[in-house]
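Notes for the one structure printed next.
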Amino acid sequence: MILSMSFYSTDFLEPSLAYELPKVKLVLMSSSSYSDECLLISQYLEELGFDIEIKLLEWSQLLTELYVTHSYDLVCLRLGGGSSPDYRDVYTEDGSLNIFGLNSNIPYVQENEDLLNEAVNTSDFATRQLLFYDWQEHLMDTIVPMLPLYSPRSYGATWSNTVGYDFAWGLVDSLPYMYYDGLHEGQISLNEFNIADAQWAILNPLFSIDSSSNFINSLLSEPIVNINPDLIPIKTGIVSDWTKFNDYHWKFNIRNSIFWNPSYNIIGRSSGSPPLSSIPSSELMKGLKSDEYSDGSNQQLLAKDVVFTLLAHANSLTSRDSSYYDWISDIYVDPIDELAFHIHIDANPSTPENEVFVDFWSRLSCSVLPEFFLNSSSSEISYTSGNVKCVGLYEGIEDTAQWEAYADSAFGNGKYMLDYYVKHSITTLTKSPFWHGFGAIDGNNHDLDIETINVRIIPDMSAELSEFQLGKLDYTGLSSFPTERRLMEADPRFSVYSKISNSLKFLGFNLVKNFISSVNDSEFVSFTNREQYTHGAAIRKAMCHAINREEMNNLLYEGENIISHSVVNPYLSSYYYDDISKYSYDLTKAKQWLSSVFDFPPEYEVTVANHHKVGKEMIAKIRLAENQNYVSTTFVYSVNGGDLNYTMMTNETENIFTLNLGSNFSEFDIVQFYLIFTNEYGVIYESEVYLFVVGVKDTELLSSANLFISVSSIICLYTITRRKKKRKTRE
């Protein structure tokens, strides 16, 4: 008969800690900014037996590697955050920032993209949040494209006499609430605020890409919609209310009695120039469309200004980021209310049906532009990235006198007006008497106690810190100066603030490389309860568990960074999933995951003495090879296909385990058995199934001779045949 092995159980099957890695060198790429992280990461991975080569490249070279050549295995980088959890640019196959090589050939990638698309396109917040949680868990559990490291903290300081400053909201939104409680050292005025920055480049927000230009512009003009620090739209600014008709049609209402600041031309002004209010209306800049100007009270901000602003942003003729607004399928002023406008939404203009786009709010935080000044009377027609018809915008409009003047002498509807600037020295702004007065934080009416903002051009951060310590600046950033920051925290003269920065450092895996992924993502782990994971995912999980992020944080940043556990930046607190399956530092788990792919099983000899002698006590003996760290062995056997018997073997010496099976067996009883080894870490390994027949001597299978048997060898099943006696017949 042929004996069946169907009784073999894997309920307790776990990989051992023994494995043998193939000889392969892994390339870890980054820039010099992350050299310390790379060194520590390589040391952690080398503890598992990996051979790591670090390559630090110039940024331009690194970009080529990330998006063209893809010759790296691992990459250490920082992912800058936005104001939306829509990460399709990063974590989908066609995403422009998909440096991981995510593609549909890898198991679970398409399923993960479907989860992300569903989350992005769900408008109900509670449901959307749960969907984003599910997506994060799925991505980090089944695919593992990266190990999130940490998000840095941002630090800043003011002198302690500054009242009302809110670091989370930032300076611009805090200004209506700020004043001084006396003078600090080096301060000469209670009406000025002095801050340092780099030189701004261009003040027209359609073309500005640097933070310095954006900062000046935020002082000059208000955003369409205010967004709070939790990235939630609020009704405290220009847009005071909105109505949702459906997922594709919204109506927005503008606050009444908001006016454009005077269209001053401040080119050539200096600190000795007369006050702005002394400039006659005849010298105010006149608009492109019909020579209109603003004196602070004659040009009301209306819905047409917002519509023009968004059309200009969405038009490639007048914008560097037109695709950012391709979701606008139509936009227009309300037919009966000049203080209301409508937006129609289609997330994908290339398809005939409308698609939901939930994350449009961040796109509405741009500054409003003066339509009367920048629009033209031309009848030329152009179209936005969302195929909305535009009249008045044309190629070359940015070269007109008005557009060129607005790049250097911009005006808006905000808290301050440009007074004068000296390139590479200082930009000075004066509070506007025409500002509407509504504070973004509470929506209430406020006056500005700070009448003048002096932005000194100090690109060197150390020089900025020195000027602050001398009392010549009222604010400074401290993120790059941990020692000085700690001294200031203990100094009552200063107020030090902190918040999570909108960025995430990570270790990324190249999923198109053979070892990290590729072939290894086409085969699945065979161990029970891990069959859903590919070999590639198991390798990446092992690497994640091998890296001690807490130690890295302590060594490099004195423990002040925020350890992240998800692909979503912790800054996006409403969507960051902290209850995700975490990759804590655990070398045992790391080795278990590797051994599930590169298994190196225990070696041992097994004998069963007297199994061929009926009535004699049978003694099972297991002798482990040297350096095997298994501390217990269970002998599991069945007689003639009956119930399983689990018996712990006796540990006679360090490497020898024995078990007296007794003598209560009959001739030709068929005994099947396997062994359960448990190592010092509690990890279990189960052997193949063996067989012997009581009373039958088979020196090739099991005998009292020492025979080393590897569990990776093929165990044969034996057919037992009885000879038949000849039947006597009558003549």
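Identifiers in this document derive from the order of the structure tokens: chains are assigned A, B, ..., residues are numbered from 1 separately in each chain, and ligands are numbered from 1 in order of occurrence.
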Can you list every residue in region 1-138 of chain A that DSSP puts in alpha helix (DSSP H), as number ranges by chain? A: 35-46, 59-64, 88-91, 109-120, 125-138
So which bits of region 179-225 of chain A end up strand (DSSP E or B) when you DSSP the backbone, as an MDAnalysis selection string? chainID A and resid 179:180 192:197 223
Residues as selected, N, CA, C and O atoms, written as a short mmCIF file (atom, residue, chain, number, x, y, z; two decimals), in the first residue's frame, can you do that?
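The result, written out as result39.cif:
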data_model
loop_
_atom_site.label_atom_id
_atom_site.label_comp_id
_atom_site.auth_asym_id
_atom_site.auth_seq_id
_atom_site.Cartn_x
_atom_site.Cartn_y
_atom_site.Cartn_z
N TYR A 179 0.74 92.07 19.32
CA TYR A 179 1.20 93.36 19.82
C TYR A 179 2.39 93.10 20.74
O TYR A 179 2.70 91.95 21.08
N TYR A 180 3.05 94.15 21.17
CA TYR A 180 4.22 94.03 22.05
C TYR A 180 3.85 94.45 23.47
O TYR A 180 3.16 95.45 23.68
N GLU A 192 6.74 98.15 14.73
CA GLU A 192 7.40 97.46 13.63
C GLU A 192 7.66 96.00 13.99
O GLU A 192 7.87 95.66 15.16
N PHE A 193 7.65 95.16 12.96
CA PHE A 193 8.05 93.77 13.13
C PHE A 193 9.15 93.50 12.12
O PHE A 193 8.99 93.73 10.91
N ASN A 194 10.28 93.02 12.61
CA ASN A 194 11.46 92.80 11.78
C ASN A 194 11.71 91.31 11.63
O ASN A 194 11.79 90.57 12.63
N ILE A 195 11.86 90.88 10.39
CA ILE A 195 12.03 89.47 10.10
C ILE A 195 13.03 89.34 8.95
O ILE A 195 13.22 90.29 8.18
N ALA A 196 13.68 88.20 8.83
CA ALA A 196 14.66 87.98 7.76
C ALA A 196 14.15 86.95 6.78
O ALA A 196 13.37 86.06 7.12
N ASP A 197 14.60 87.07 5.52
CA ASP A 197 14.24 86.12 4.48
C ASP A 197 15.24 86.25 3.35
O ASP A 197 16.10 87.15 3.37
N PRO A 223 -6.12 85.08 0.59
CA PRO A 223 -6.49 83.90 -0.20
C PRO A 223 -7.99 83.86 -0.48
O PRO A 223 -8.78 84.48 0.24
#
Which residue is closest to Thr607 (chain A)? Choose from A:Trp593, A:Ser323, A:His344, A:Leu624 and count only C-alpha atoms.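 Nearest candidate to Thr607 (chain A) out of A:Trp593, A:Ser323, A:His344, A:Leu624: A:Leu624.
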Distance query Thr430 (chain A) at most 8 Å, only C-alpha atoms, self and fewer than 4 positions along chain excluded, as number ranges by chain: A: 416-419, 451-453
Export all heavy atoms of the chosen residues as a compact mmCIF listing (two decimals), in the first residue's frame?
# COMPACT_ATOMS: atom_id res chain seq x y z
N TYR A 416 -1.30 94.48 4.27
CA TYR A 416 -0.19 95.42 4.09
C TYR A 416 -0.02 95.79 2.62
O TYR A 416 -0.51 95.10 1.71
CB TYR A 416 1.11 94.81 4.64
CG TYR A 416 1.06 94.67 6.15
CD1 TYR A 416 0.49 93.54 6.74
CD2 TYR A 416 1.55 95.68 6.97
CE1 TYR A 416 0.43 93.43 8.12
CE2 TYR A 416 1.48 95.57 8.36
CZ TYR A 416 0.91 94.45 8.92
OH TYR A 416 0.83 94.34 10.29
N MET A 417 0.68 96.90 2.41
CA MET A 417 0.99 97.41 1.08
C MET A 417 2.50 97.58 0.96
O MET A 417 3.17 97.92 1.94
CB MET A 417 0.31 98.77 0.85
CG MET A 417 -1.20 98.77 1.09
SD MET A 417 -1.92 100.42 0.91
CE MET A 417 -1.15 101.29 2.29
N LEU A 418 3.01 97.32 -0.22
CA LEU A 418 4.44 97.57 -0.46
C LEU A 418 4.72 99.06 -0.29
O LEU A 418 4.02 99.91 -0.84
CB LEU A 418 4.82 97.15 -1.88
CG LEU A 418 5.15 95.68 -2.14
CD1 LEU A 418 5.42 95.47 -3.62
CD2 LEU A 418 6.33 95.22 -1.31
N ASP A 419 5.76 99.38 0.47
CA ASP A 419 6.20 100.77 0.62
C ASP A 419 7.45 101.01 -0.24
O ASP A 419 7.45 101.86 -1.13
CB ASP A 419 6.48 101.06 2.09
CG ASP A 419 6.68 102.54 2.35
OD1 ASP A 419 6.97 103.29 1.39
OD2 ASP A 419 6.56 102.96 3.51
N GLU A 451 2.30 98.20 12.51
CA GLU A 451 2.05 99.08 11.37
C GLU A 451 3.05 98.88 10.23
O GLU A 451 2.74 99.17 9.07
CB GLU A 451 2.12 100.54 11.83
CG GLU A 451 1.02 100.89 12.85
CD GLU A 451 1.10 102.34 13.30
OE1 GLU A 451 2.06 103.03 12.88
OE2 GLU A 451 0.22 102.77 14.06
N THR A 452 4.24 98.36 10.52
CA THR A 452 5.29 98.22 9.51
C THR A 452 5.93 96.85 9.62
O THR A 452 6.24 96.38 10.73
CB THR A 452 6.37 99.30 9.68
OG1 THR A 452 5.76 100.59 9.61
CG2 THR A 452 7.44 99.18 8.60
N ILE A 453 6.11 96.21 8.48
CA ILE A 453 6.85 94.94 8.40
C ILE A 453 8.14 95.20 7.62
O ILE A 453 8.10 95.65 6.47
CB ILE A 453 6.04 93.85 7.68
CG1 ILE A 453 4.68 93.65 8.35
CG2 ILE A 453 6.82 92.54 7.63
CD1 ILE A 453 4.72 92.97 9.68
Within 6 Å of Val388 (chain A), counting only C-alpha atoms, which residues qualify if same-chain residues fewer than 3 places away don't, as a ChimeraX atom specification? /A:330,383-384
Who sits within 10 Å of Asp86 (chain A), only C-alpha atoms, same chain under 3 positions skipped, as a PDB file with C-alpha atoms, in the first residue's frame:
ATOM      1  CA  GLY A  82       1.069  69.116   0.435  1.00  0.00           C
ATOM      2  CA  SER A  83      -2.259  70.027   1.947  1.00  0.00           C
ATOM      3  CA  ASP A  89       1.382  61.114  -7.911  1.00  0.00           C
ATOM      4  CA  VAL A  90       3.581  59.076  -5.571  1.00  0.00           C
ATOM      5  CA  TYR A  91       1.938  55.689  -5.005  1.00  0.00           C
ATOM      6  CA  LEU A 116      -6.546  55.035  -3.082  1.00  0.00           C
ATOM      7  CA  ASN A 117      -8.817  56.190  -5.917  1.00  0.00           C
ATOM      8  CA  ALA A 119     -10.562  57.278  -0.880  1.00  0.00           C
ATOM      9  CA  VAL A 120      -9.597  60.316  -2.963  1.00  0.00           C
ATOM     10  CA  ASN A 121     -13.004  60.429  -4.660  1.00  0.00           C
ATOM     11  CA  PHE A 132      -7.476  56.335   3.625  1.00  0.00           C
ATOM     12  CA  PHE A 357     -12.372  65.712  -7.200  1.00  0.00           C
ATOM     13  CA  VAL A 358     -12.612  66.237  -3.453  1.00  0.00           C
ATOM     14  CA  ASP A 359      -9.273  67.913  -2.766  1.00  0.00           C
ATOM     15  CA  VAL A 568       1.116  59.661   4.841  1.00  0.00           C
TER      16      VAL A 568
END
If we count only C-alpha atoms and set the cut-off at 8 Å, which residues sit around Thr318 (chain A), ignoring sequence neighbours fewer than 4 positions away in its own chain? Please answer as a PyMOL selection string. chain A and resi 206-207+312-313+393+395+397-398
Save out the residues we just selected, all heavy atoms, as an mmCIF file, in the first residue's frame.
data_model
loop_
_atom_site.group_PDB
_atom_site.id
_atom_site.type_symbol
_atom_site.label_atom_id
_atom_site.label_comp_id
_atom_site.auth_asym_id
_atom_site.auth_seq_id
_atom_site.Cartn_x
_atom_site.Cartn_y
_atom_site.Cartn_z
ATOM 1 N N LEU A 206 1.035 84.113 -10.134
ATOM 2 C CA LEU A 206 0.898 83.195 -11.259
ATOM 3 C C LEU A 206 2.244 82.604 -11.665
ATOM 4 O O LEU A 206 2.303 81.527 -12.260
ATOM 5 C CB LEU A 206 0.276 83.920 -12.460
ATOM 6 C CG LEU A 206 -1.186 84.339 -12.316
ATOM 7 C CD1 LEU A 206 -1.586 85.250 -13.463
ATOM 8 C CD2 LEU A 206 -2.088 83.120 -12.266
ATOM 9 N N PHE A 207 3.328 83.317 -11.359
ATOM 10 C CA PHE A 207 4.644 82.891 -11.813
ATOM 11 C C PHE A 207 5.633 82.650 -10.676
ATOM 12 O O PHE A 207 6.719 82.127 -10.916
ATOM 13 C CB PHE A 207 5.230 83.931 -12.767
ATOM 14 C CG PHE A 207 4.358 84.212 -13.960
ATOM 15 C CD1 PHE A 207 3.786 85.458 -14.146
ATOM 16 C CD2 PHE A 207 4.095 83.224 -14.880
ATOM 17 C CE1 PHE A 207 2.973 85.713 -15.240
ATOM 18 C CE2 PHE A 207 3.286 83.468 -15.984
ATOM 19 C CZ PHE A 207 2.726 84.716 -16.166
ATOM 20 N N ALA A 312 -6.948 82.381 -14.837
ATOM 21 C CA ALA A 312 -5.547 82.683 -15.140
ATOM 22 C C ALA A 312 -4.622 81.579 -14.637
ATOM 23 O O ALA A 312 -3.647 81.205 -15.314
ATOM 24 C CB ALA A 312 -5.166 84.025 -14.524
ATOM 25 N N HIS A 313 -4.907 81.033 -13.451
ATOM 26 C CA HIS A 313 -4.103 79.925 -12.925
ATOM 27 C C HIS A 313 -4.248 78.669 -13.783
ATOM 28 O O HIS A 313 -3.306 77.875 -13.887
ATOM 29 C CB HIS A 313 -4.502 79.613 -11.486
ATOM 30 C CG HIS A 313 -3.783 80.439 -10.461
ATOM 31 N ND1 HIS A 313 -2.452 80.263 -10.169
ATOM 32 C CD2 HIS A 313 -4.215 81.449 -9.657
ATOM 33 C CE1 HIS A 313 -2.083 81.115 -9.224
ATOM 34 N NE2 HIS A 313 -3.132 81.855 -8.895
ATOM 35 N N LEU A 393 -7.244 86.725 -22.127
ATOM 36 C CA LEU A 393 -5.890 86.239 -21.878
ATOM 37 C C LEU A 393 -5.289 85.767 -23.193
ATOM 38 O O LEU A 393 -5.918 85.018 -23.933
ATOM 39 C CB LEU A 393 -5.906 85.093 -20.859
ATOM 40 C CG LEU A 393 -6.418 85.443 -19.456
ATOM 41 C CD1 LEU A 393 -6.451 84.194 -18.578
ATOM 42 C CD2 LEU A 393 -5.552 86.527 -18.821
ATOM 43 N N GLU A 395 -1.365 85.068 -25.562
ATOM 44 C CA GLU A 395 0.073 84.868 -25.526
ATOM 45 C C GLU A 395 0.790 86.205 -25.605
ATOM 46 O O GLU A 395 0.515 87.026 -26.479
ATOM 47 C CB GLU A 395 0.510 83.975 -26.684
ATOM 48 C CG GLU A 395 1.976 83.569 -26.621
ATOM 49 C CD GLU A 395 2.348 82.534 -27.658
ATOM 50 O OE1 GLU A 395 1.453 82.120 -28.428
ATOM 51 O OE2 GLU A 395 3.533 82.141 -27.679
ATOM 52 N N ILE A 397 0.712 88.377 -23.006
ATOM 53 C CA ILE A 397 0.104 89.342 -22.078
ATOM 54 C C ILE A 397 1.039 89.636 -20.903
ATOM 55 O O ILE A 397 1.023 90.734 -20.338
ATOM 56 C CB ILE A 397 -1.271 88.829 -21.577
ATOM 57 C CG1 ILE A 397 -2.048 89.966 -20.895
ATOM 58 C CG2 ILE A 397 -1.116 87.631 -20.650
ATOM 59 C CD1 ILE A 397 -3.479 89.602 -20.540
ATOM 60 N N GLU A 398 1.889 88.657 -20.552
ATOM 61 C CA GLU A 398 2.796 88.871 -19.420
ATOM 62 C C GLU A 398 3.881 89.900 -19.743
ATOM 63 O O GLU A 398 4.577 90.375 -18.832
ATOM 64 C CB GLU A 398 3.443 87.551 -18.984
ATOM 65 C CG GLU A 398 4.491 86.993 -19.921
ATOM 66 C CD GLU A 398 3.893 86.173 -21.052
ATOM 67 O OE1 GLU A 398 2.644 86.172 -21.219
ATOM 68 O OE2 GLU A 398 4.672 85.527 -21.776
#
Do you have the CA of Ser501 (chain A)-CA of Pro152 (chain A) distance handy? 5.7 Å
Determine, counting only C-alpha atoms, which protein, DNA and RNA residues have an atom within 12 Å of an atom of Val144 (chain A); residues of the same chain fewer than 3 positions away are not included. Present the result as a VMD selection string. chain A and resid 91 100 to 102 106 to 109 112 136 to 141 147 to 148 506 to 511 516 to 517 521 533 to 545 565 to 567 581 to 583
Quick one: distance from CA of Glu118 (chain A) to CA of Leu131 (chain A) in Å, one decimal?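 Atom-to-atom, CA of Glu118 (chain A) and CA of Leu131 (chain A) are spaced 7.4 Å apart.
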By how many Å are CA of Phe259 (chain A) and CA of Gln300 (chain A) apart?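 The value is 4.3 Å.
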Using only C-alpha atoms, I'd like a table of the residues in region 430-523 of chain A that come within 12 Å of region 209-219 of chain A; for each, show the closest atom pair and its distance in Å rounded to one decimal, ordered by chain and ascending number, as a tab-separated table.
residue	atom	partner	partner_atom	distance
A:Thr430	CA	A:Leu219	CA	9.9
A:Lys431	CA	A:Leu219	CA	9.3
A:Ser432	CA	A:Leu219	CA	10.2
A:Trp435	CA	A:Leu219	CA	11.0
A:Thr452	CA	A:Leu219	CA	11.2
A:Ile453	CA	A:Leu219	CA	9.2
A:Asn454	CA	A:Ile216	CA	10.7
A:Val455	CA	A:Ile216	CA	8.7
A:Arg456	CA	A:Ser212	CA	11.2
A:Ile457	CA	A:Ser212	CA	9.8
A:Ile458	CA	A:Ser212	CA	11.4
A:Pro459	CA	A:Ser212	CA	10.5
Which region 378-404 of chain A residues have any atom within 12 Å of an atom of region 365-371 of chain A, and for each, what is the nearest pair of atoms with distance in Å to one decimal, counting only C-alpha atoms, rows sorted by chain and number, as JSON lines?
{"residue": "A:Gly392", "atom": "CA", "partner": "A:Glu371", "partner_atom": "CA", "distance": 10.5}
{"residue": "A:Leu393", "atom": "CA", "partner": "A:Glu371", "partner_atom": "CA", "distance": 11.2}
{"residue": "A:Gln402", "atom": "CA", "partner": "A:Pro370", "partner_atom": "CA", "distance": 11.3}
{"residue": "A:Trp403", "atom": "CA", "partner": "A:Pro370", "partner_atom": "CA", "distance": 11.2}
Output file for the selection above: N, CA and C atoms, as a compact mmCIF listing (two decimals), in the first residue's frame:
# COMPACT_ATOMS: atom_id res chain seq x y z
N GLY A 392 -9.73 87.35 -23.18
CA GLY A 392 -8.90 88.42 -22.64
C GLY A 392 -7.48 88.00 -22.32
N LEU A 393 -7.24 86.73 -22.13
CA LEU A 393 -5.89 86.24 -21.88
C LEU A 393 -5.29 85.77 -23.19
N GLN A 402 1.51 96.53 -17.63
CA GLN A 402 0.80 96.26 -16.38
C GLN A 402 1.29 94.97 -15.72
N TRP A 403 1.45 93.93 -16.53
CA TRP A 403 1.89 92.66 -15.96
C TRP A 403 3.34 92.76 -15.48
